[in-house]
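Here the structure is laid out as C-alpha cells; the discussion comes afterwards.
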Amino acid sequence: MPIIRECIVTTQSAEGRVHIAPLGLIEAGEGWVIAPFRPSTTLDNLRSTPFAVANFTDDVLVFAGCLTGKKDWPTRPAEHVSGAVLEGALSHLELAVESVEEDELRPRFHCRIVHEGNHAPFKGFNRAQAAVIETAILASRLKMLPREKVETELAYHQIAVEKTAGPREHEAWRILVEKIEDFYKHIPAAK
Ligand SMILES: Cc1cc2nc3c(=O)[nH]c(=O)nc-3n(C[C@H](O)[C@H](O)[C@H](O)COP(=O)(O)O)c2cc1C
C-alpha cells in the first residue's frame, strides 16, 4: 500500500473561488494522487482548474473547522500554479493534474509536483493532534460507520487529547465531538 499524507488541499473553481478541504494525498512514484469521492467541490474544481496546493499543517483546528463548517481560512496566492497556499502551513506542494483515472465512486487525479515551499520547522509528533485527525476522519464518515465503532474510537482518542493537547487541539476536539453528538442526537442508542 502506498503512503498517504493527510493535508489541507486547496483548489479553485473556474471563477477563481478558493476551496479548502482535508484530503489524503496518495503517493505515486514521483507524484501524488488526489482521490475525492463523488460528489465534491474539490472534484469539480480539479476538473475545471487542474491544479491544487497540498498544505502540510500541524494546526488541527483547520481540519476540524473544515468538517464543521468553518472553511474560510486565510490563504495567499500560490507562486507557480493557479491556486492558494494556506497561511500557517509548515510546507506546501503546488501540483498540476497530469491525468485522471475515472471511477464511479472516487476518480483519481494524478498530479506532478510543480513547486515545493518550506516555511516552518516540524515541531515533533503530538498524540492529541493524531487523535483529532482520526476523529475528523470519523466525523466525515458518520453516515457510513456503525455508531458503536465511532463511540468506542472516540473514547480511546479522548485519552490522548486529555493527556497531551494544547488549546488548539482542545478546541478542535470540542467542535468535532459536538458535531458527532449532534448527528446522533435524534438516533436512539442501541440497547
Ligand atoms: C484527514 C482527512 C482526510 C480525508 N481524505 C479524503 C479523501 O482522500 N477523499 C475525500 O473525498 N474525502 C476525504 N476526506 C473528507 C473530506 O474532507 C470532506 O468530505 C470534504 O468535505 C470534501 O468535500 P468538498 O471538496 O466538497 O469540500 C478527508 C477528511 C479528513 C478529515
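Chain labels follow the order of the C-alpha cells: the first chain is A, the next B, and so on; residue numbering restarts at 1 in every chain, and ligands are counted from 1 in their shown order.
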
Selection as a PyMOL selection string: residues within 9 Å of ligand 1 by only C-alpha atoms and all ligand atoms: chain A and resi 4-9+11+19-26+34-45+63-64+66-67+71+106+132-141

Expected file contents, prior selection, C-alpha atoms, as a PDB file, in the first residue's frame:
```pdb
ATOM      1  CA  ILE A   4      -0.964   8.549   2.437  1.00  0.00           C
ATOM      2  CA  ARG A   5      -0.270  12.031   3.814  1.00  0.00           C
ATOM      3  CA  GLU A   6      -3.193  13.882   5.376  1.00  0.00           C
ATOM      4  CA  CYS A   7      -3.185  17.524   4.337  1.00  0.00           C
ATOM      5  CA  ILE A   8      -5.346  20.515   3.519  1.00  0.00           C
ATOM      6  CA  VAL A   9      -5.960  20.644  -0.220  1.00  0.00           C
ATOM      7  CA  THR A  11      -8.413  24.083  -5.274  1.00  0.00           C
ATOM      8  CA  HIS A  19     -11.985  25.859  -1.833  1.00  0.00           C
ATOM      9  CA  ILE A  20     -10.322  24.282   1.226  1.00  0.00           C
ATOM     10  CA  ALA A  21     -10.770  20.627   2.245  1.00  0.00           C
ATOM     11  CA  PRO A  22      -8.847  17.994   4.230  1.00  0.00           C
ATOM     12  CA  LEU A  23      -7.791  15.159   1.925  1.00  0.00           C
ATOM     13  CA  GLY A  24      -5.316  12.304   1.904  1.00  0.00           C
ATOM     14  CA  LEU A  25      -2.561  12.605  -0.686  1.00  0.00           C
ATOM     15  CA  ILE A  26      -1.633   9.169  -2.045  1.00  0.00           C
ATOM     16  CA  ILE A  34      -5.776  13.186  -5.078  1.00  0.00           C
ATOM     17  CA  ALA A  35      -8.866  10.957  -4.845  1.00  0.00           C
ATOM     18  CA  PRO A  36     -12.042  12.884  -3.962  1.00  0.00           C
ATOM     19  CA  PHE A  37     -15.285  10.950  -3.512  1.00  0.00           C
ATOM     20  CA  ARG A  38     -18.209  11.984  -5.717  1.00  0.00           C
ATOM     21  CA  PRO A  39     -19.822  14.427  -5.363  1.00  0.00           C
ATOM     22  CA  SER A  40     -17.434  17.071  -4.069  1.00  0.00           C
ATOM     23  CA  THR A  41     -16.349  20.632  -4.743  1.00  0.00           C
ATOM     24  CA  THR A  42     -12.701  19.522  -4.820  1.00  0.00           C
ATOM     25  CA  LEU A  43     -13.552  17.122  -7.641  1.00  0.00           C
ATOM     26  CA  ASP A  44     -15.497  19.748  -9.634  1.00  0.00           C
ATOM     27  CA  ASN A  45     -12.651  22.247  -9.173  1.00  0.00           C
ATOM     28  CA  PHE A  63      -9.050  20.067   9.763  1.00  0.00           C
ATOM     29  CA  ALA A  64     -11.769  20.168  12.409  1.00  0.00           C
ATOM     30  CA  CYS A  66     -13.412  22.415   7.606  1.00  0.00           C
ATOM     31  CA  LEU A  67     -15.555  19.495   8.767  1.00  0.00           C
ATOM     32  CA  LYS A  71     -13.803  26.869   5.679  1.00  0.00           C
ATOM     33  CA  ARG A 106     -13.736   8.047  -6.455  1.00  0.00           C
ATOM     34  CA  VAL A 132      -8.003  14.833  16.311  1.00  0.00           C
ATOM     35  CA  ILE A 133      -7.116  13.754  12.749  1.00  0.00           C
ATOM     36  CA  GLU A 134      -8.538  10.263  13.415  1.00  0.00           C
ATOM     37  CA  THR A 135     -11.652  11.802  14.916  1.00  0.00           C
ATOM     38  CA  ALA A 136     -12.017  14.188  11.953  1.00  0.00           C
ATOM     39  CA  ILE A 137     -11.995  11.167   9.640  1.00  0.00           C
ATOM     40  CA  LEU A 138     -14.691   9.509  11.781  1.00  0.00           C
ATOM     41  CA  ALA A 139     -16.709  12.741  11.725  1.00  0.00           C
ATOM     42  CA  SER A 140     -16.532  12.838   7.921  1.00  0.00           C
ATOM     43  CA  ARG A 141     -17.911   9.265   7.669  1.00  0.00           C
TER      44      ARG A 141
END
```

DSSP on the backbone: what in segment 12-180 of chain A comes out strand (DSSP E), as a VMD selection string? chain A and resid 12 18 to 28 31 to 34 51 to 56 75 to 77 84 to 86 91 to 101 108 to 118

Would you pick out the contacts of segment 76-92 of chain A at 9 Å or less, using only C-alpha atoms, so that residues sharing its chain but fewer than 5 positions from it are not included, and give the list as a ChimeraX atom specification? /A:8-12,16,18-20,49-59,114-122

Each segment 55-131 of chain A residue no farther than 9 Å from segment 164-184 of chain A, nearest pair in Å, only C-alpha atoms, as JSON lines:
```
{"residue": "A:Asp59", "atom": "CA", "partner": "A:Arg168", "partner_atom": "CA", "distance": 7.3}
{"residue": "A:Val60", "atom": "CA", "partner": "A:Glu169", "partner_atom": "CA", "distance": 6.4}
{"residue": "A:Leu61", "atom": "CA", "partner": "A:Ala172", "partner_atom": "CA", "distance": 4.7}
{"residue": "A:Val62", "atom": "CA", "partner": "A:Ala172", "partner_atom": "CA", "distance": 8.1}
{"residue": "A:Phe63", "atom": "CA", "partner": "A:Ala172", "partner_atom": "CA", "distance": 8.0}
{"residue": "A:Ala64", "atom": "CA", "partner": "A:Ala172", "partner_atom": "CA", "distance": 5.3}
{"residue": "A:Gly65", "atom": "CA", "partner": "A:Ala172", "partner_atom": "CA", "distance": 7.2}
{"residue": "A:Leu67", "atom": "CA", "partner": "A:Leu176", "partner_atom": "CA", "distance": 7.9}
{"residue": "A:Thr68", "atom": "CA", "partner": "A:Lys179", "partner_atom": "CA", "distance": 6.8}
{"residue": "A:Asn126", "atom": "CA", "partner": "A:Thr164", "partner_atom": "CA", "distance": 7.0}
{"residue": "A:Arg127", "atom": "CA", "partner": "A:Thr164", "partner_atom": "CA", "distance": 6.3}
{"residue": "A:Ala128", "atom": "CA", "partner": "A:Ala165", "partner_atom": "CA", "distance": 5.0}
{"residue": "A:Gln129", "atom": "CA", "partner": "A:Glu169", "partner_atom": "CA", "distance": 6.3}
{"residue": "A:Ala131", "atom": "CA", "partner": "A:Trp173", "partner_atom": "CA", "distance": 8.5}
```

As JSON, numbers by chain, which residues of segment 50-176 of chain A does DSSP assign to helix (DSSP H, G or I)? {"A": [60, 61, 62, 63, 64, 65, 66, 67, 127, 128, 129, 130, 131, 132, 133, 134, 135, 136, 137, 138, 139, 147, 148, 149, 150, 151, 152, 153, 154, 155, 156, 157, 158, 159, 160, 161, 162, 163, 164, 167, 168, 169, 170, 171, 172, 173, 174, 175, 176]}

Output the selection as a compact mmCIF listing (two decimals), in the first residue's frame - N, CA and C atoms for each residue.
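Just written: again_17.txt:
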```txt
# COMPACT_ATOMS: atom_id res chain seq x y z
N VAL A 60 -4.47 21.43 13.73
CA VAL A 60 -5.59 20.51 13.53
C VAL A 60 -6.94 21.22 13.60
N LEU A 61 -6.93 22.47 14.06
CA LEU A 61 -8.17 23.24 14.08
C LEU A 61 -8.66 23.50 12.64
N VAL A 62 -7.73 23.57 11.69
CA VAL A 62 -8.14 23.75 10.29
C VAL A 62 -8.88 22.50 9.81
N PHE A 63 -8.38 21.32 10.14
CA PHE A 63 -9.05 20.07 9.76
C PHE A 63 -10.44 20.02 10.38
N ALA A 64 -10.49 20.26 11.70
CA ALA A 64 -11.77 20.17 12.41
C ALA A 64 -12.73 21.26 11.92
N GLY A 65 -12.20 22.46 11.69
CA GLY A 65 -13.04 23.57 11.22
C GLY A 65 -13.68 23.25 9.87
N CYS A 66 -12.88 22.73 8.94
CA CYS A 66 -13.41 22.42 7.61
C CYS A 66 -14.57 21.42 7.69
N LEU A 67 -14.50 20.51 8.65
CA LEU A 67 -15.56 19.50 8.77
C LEU A 67 -16.77 19.99 9.53
N ARG A 127 0.37 13.47 20.24
CA ARG A 127 -0.68 12.43 20.21
C ARG A 127 -2.07 13.03 20.06
N ALA A 128 -2.28 14.19 20.67
CA ALA A 128 -3.62 14.80 20.56
C ALA A 128 -3.92 15.20 19.11
N GLN A 129 -2.88 15.67 18.41
CA GLN A 129 -3.10 16.03 17.00
C GLN A 129 -3.49 14.80 16.19
N ALA A 130 -2.80 13.69 16.43
CA ALA A 130 -3.14 12.45 15.72
C ALA A 130 -4.56 12.01 16.08
N ALA A 131 -4.92 12.17 17.35
CA ALA A 131 -6.27 11.77 17.79
C ALA A 131 -7.33 12.64 17.12
N VAL A 132 -7.04 13.94 16.97
CA VAL A 132 -8.00 14.83 16.31
C VAL A 132 -8.15 14.45 14.83
N ILE A 133 -7.03 14.14 14.17
CA ILE A 133 -7.12 13.75 12.75
C ILE A 133 -7.97 12.49 12.60
N GLU A 134 -7.73 11.50 13.47
CA GLU A 134 -8.54 10.26 13.42
C GLU A 134 -10.01 10.57 13.65
N THR A 135 -10.26 11.46 14.59
CA THR A 135 -11.65 11.80 14.92
C THR A 135 -12.30 12.60 13.77
N ALA A 136 -11.50 13.44 13.11
CA ALA A 136 -12.02 14.19 11.95
C ALA A 136 -12.43 13.21 10.85
N ILE A 137 -11.64 12.16 10.67
CA ILE A 137 -11.99 11.17 9.64
C ILE A 137 -13.30 10.47 10.03
N LEU A 138 -13.43 10.11 11.31
CA LEU A 138 -14.69 9.51 11.78
C LEU A 138 -15.85 10.48 11.51
N ALA A 139 -15.64 11.74 11.86
CA ALA A 139 -16.71 12.74 11.73
C ALA A 139 -17.12 12.95 10.27
N ARG A 147 -22.41 3.18 14.73
CA ARG A 147 -22.30 4.10 15.86
C ARG A 147 -21.38 3.54 16.96
N GLU A 148 -21.47 2.24 17.18
CA GLU A 148 -20.66 1.63 18.24
C GLU A 148 -19.16 1.82 17.98
N LYS A 149 -18.77 1.65 16.71
CA LYS A 149 -17.36 1.84 16.34
C LYS A 149 -16.94 3.30 16.60
N VAL A 150 -17.78 4.23 16.21
CA VAL A 150 -17.45 5.65 16.38
C VAL A 150 -17.29 5.95 17.88
N GLU A 151 -18.23 5.46 18.69
CA GLU A 151 -18.18 5.80 20.13
C GLU A 151 -16.99 5.12 20.83
N THR A 152 -16.67 3.90 20.42
CA THR A 152 -15.52 3.20 21.01
C THR A 152 -14.22 3.95 20.67
N GLU A 153 -14.09 4.35 19.41
CA GLU A 153 -12.86 5.03 18.98
C GLU A 153 -12.75 6.42 19.63
N LEU A 154 -13.89 7.08 19.75
CA LEU A 154 -13.90 8.40 20.38
C LEU A 154 -13.40 8.31 21.82
N ALA A 155 -13.84 7.31 22.54
CA ALA A 155 -13.43 7.13 23.94
C ALA A 155 -11.92 6.91 24.01
N TYR A 156 -11.39 6.17 23.05
CA TYR A 156 -9.96 5.90 23.05
C TYR A 156 -9.16 7.18 22.72
N HIS A 157 -9.59 7.90 21.69
CA HIS A 157 -8.86 9.12 21.29
C HIS A 157 -8.90 10.19 22.38
N GLN A 158 -9.97 10.18 23.15
CA GLN A 158 -10.11 11.19 24.22
C GLN A 158 -8.94 11.13 25.21
N ILE A 159 -8.40 9.94 25.41
CA ILE A 159 -7.30 9.77 26.37
C ILE A 159 -6.09 10.61 25.92
N ALA A 160 -5.74 10.49 24.64
CA ALA A 160 -4.58 11.25 24.13
C ALA A 160 -4.86 12.75 24.20
N VAL A 161 -6.09 13.15 23.94
CA VAL A 161 -6.43 14.58 23.98
C VAL A 161 -6.28 15.09 25.42
N GLU A 162 -6.84 14.34 26.38
CA GLU A 162 -6.76 14.78 27.77
C GLU A 162 -5.31 14.86 28.26
N LYS A 163 -4.47 13.94 27.78
CA LYS A 163 -3.09 13.90 28.28
C LYS A 163 -2.15 14.86 27.58
N THR A 164 -2.39 15.19 26.29
CA THR A 164 -1.33 15.85 25.52
C THR A 164 -1.76 17.08 24.72
N PRO A 167 -4.21 24.25 23.50
CA PRO A 167 -5.51 24.91 23.30
C PRO A 167 -6.16 24.64 21.94
N ARG A 168 -5.37 24.64 20.86
CA ARG A 168 -5.98 24.45 19.53
C ARG A 168 -6.48 23.01 19.37
N GLU A 169 -5.75 22.06 19.95
CA GLU A 169 -6.20 20.67 19.88
C GLU A 169 -7.48 20.48 20.69
N HIS A 170 -7.53 21.14 21.87
CA HIS A 170 -8.74 21.05 22.70
C HIS A 170 -9.95 21.60 21.95
N GLU A 171 -9.76 22.76 21.30
CA GLU A 171 -10.87 23.38 20.59
C GLU A 171 -11.29 22.52 19.39
N ALA A 172 -10.30 21.97 18.66
CA ALA A 172 -10.60 21.10 17.52
C ALA A 172 -11.40 19.89 17.99
N TRP A 173 -10.97 19.30 19.11
CA TRP A 173 -11.65 18.14 19.67
C TRP A 173 -13.09 18.50 20.06
N ARG A 174 -13.24 19.67 20.71
CA ARG A 174 -14.56 20.09 21.18
C ARG A 174 -15.55 20.21 20.00
N ILE A 175 -15.12 20.84 18.91
CA ILE A 175 -16.08 21.07 17.82
C ILE A 175 -16.39 19.77 17.06
N LEU A 176 -15.42 18.85 17.05
CA LEU A 176 -15.70 17.56 16.38
C LEU A 176 -16.67 16.73 17.22
```

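Taking atom CA of Gly29 of chain A and atom CA of Thr75 of chain A as the two end points, the separation is 28.5 Å.
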
Given the choices A:Glu101, A:Leu46, A:Gly69, A:Leu142, which gets closest to Ser13 of chain A if the distance is worked out from only C-alpha atoms? A:Leu46

Neighbours of Glu98 of chain A within 7 Å (only C-alpha atoms; same-chain residues fewer than 2 positions away dropped), as a ChimeraX atom specification? /A:96,110-112

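With distances restricted to only C-alpha atoms, A:Ser48 is the closest residue to Arg17 of chain A from A:Ser48, A:Gly31, A:Gly124, A:Met1.
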
Rounded to one decimal, what separation in Å do you get between atom CA of His186 of chain A and atom CA of Leu105 of chain A?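 Spanning atom CA of His186 of chain A to atom CA of Leu105 of chain A is a straight-line distance of 28.8 Å.
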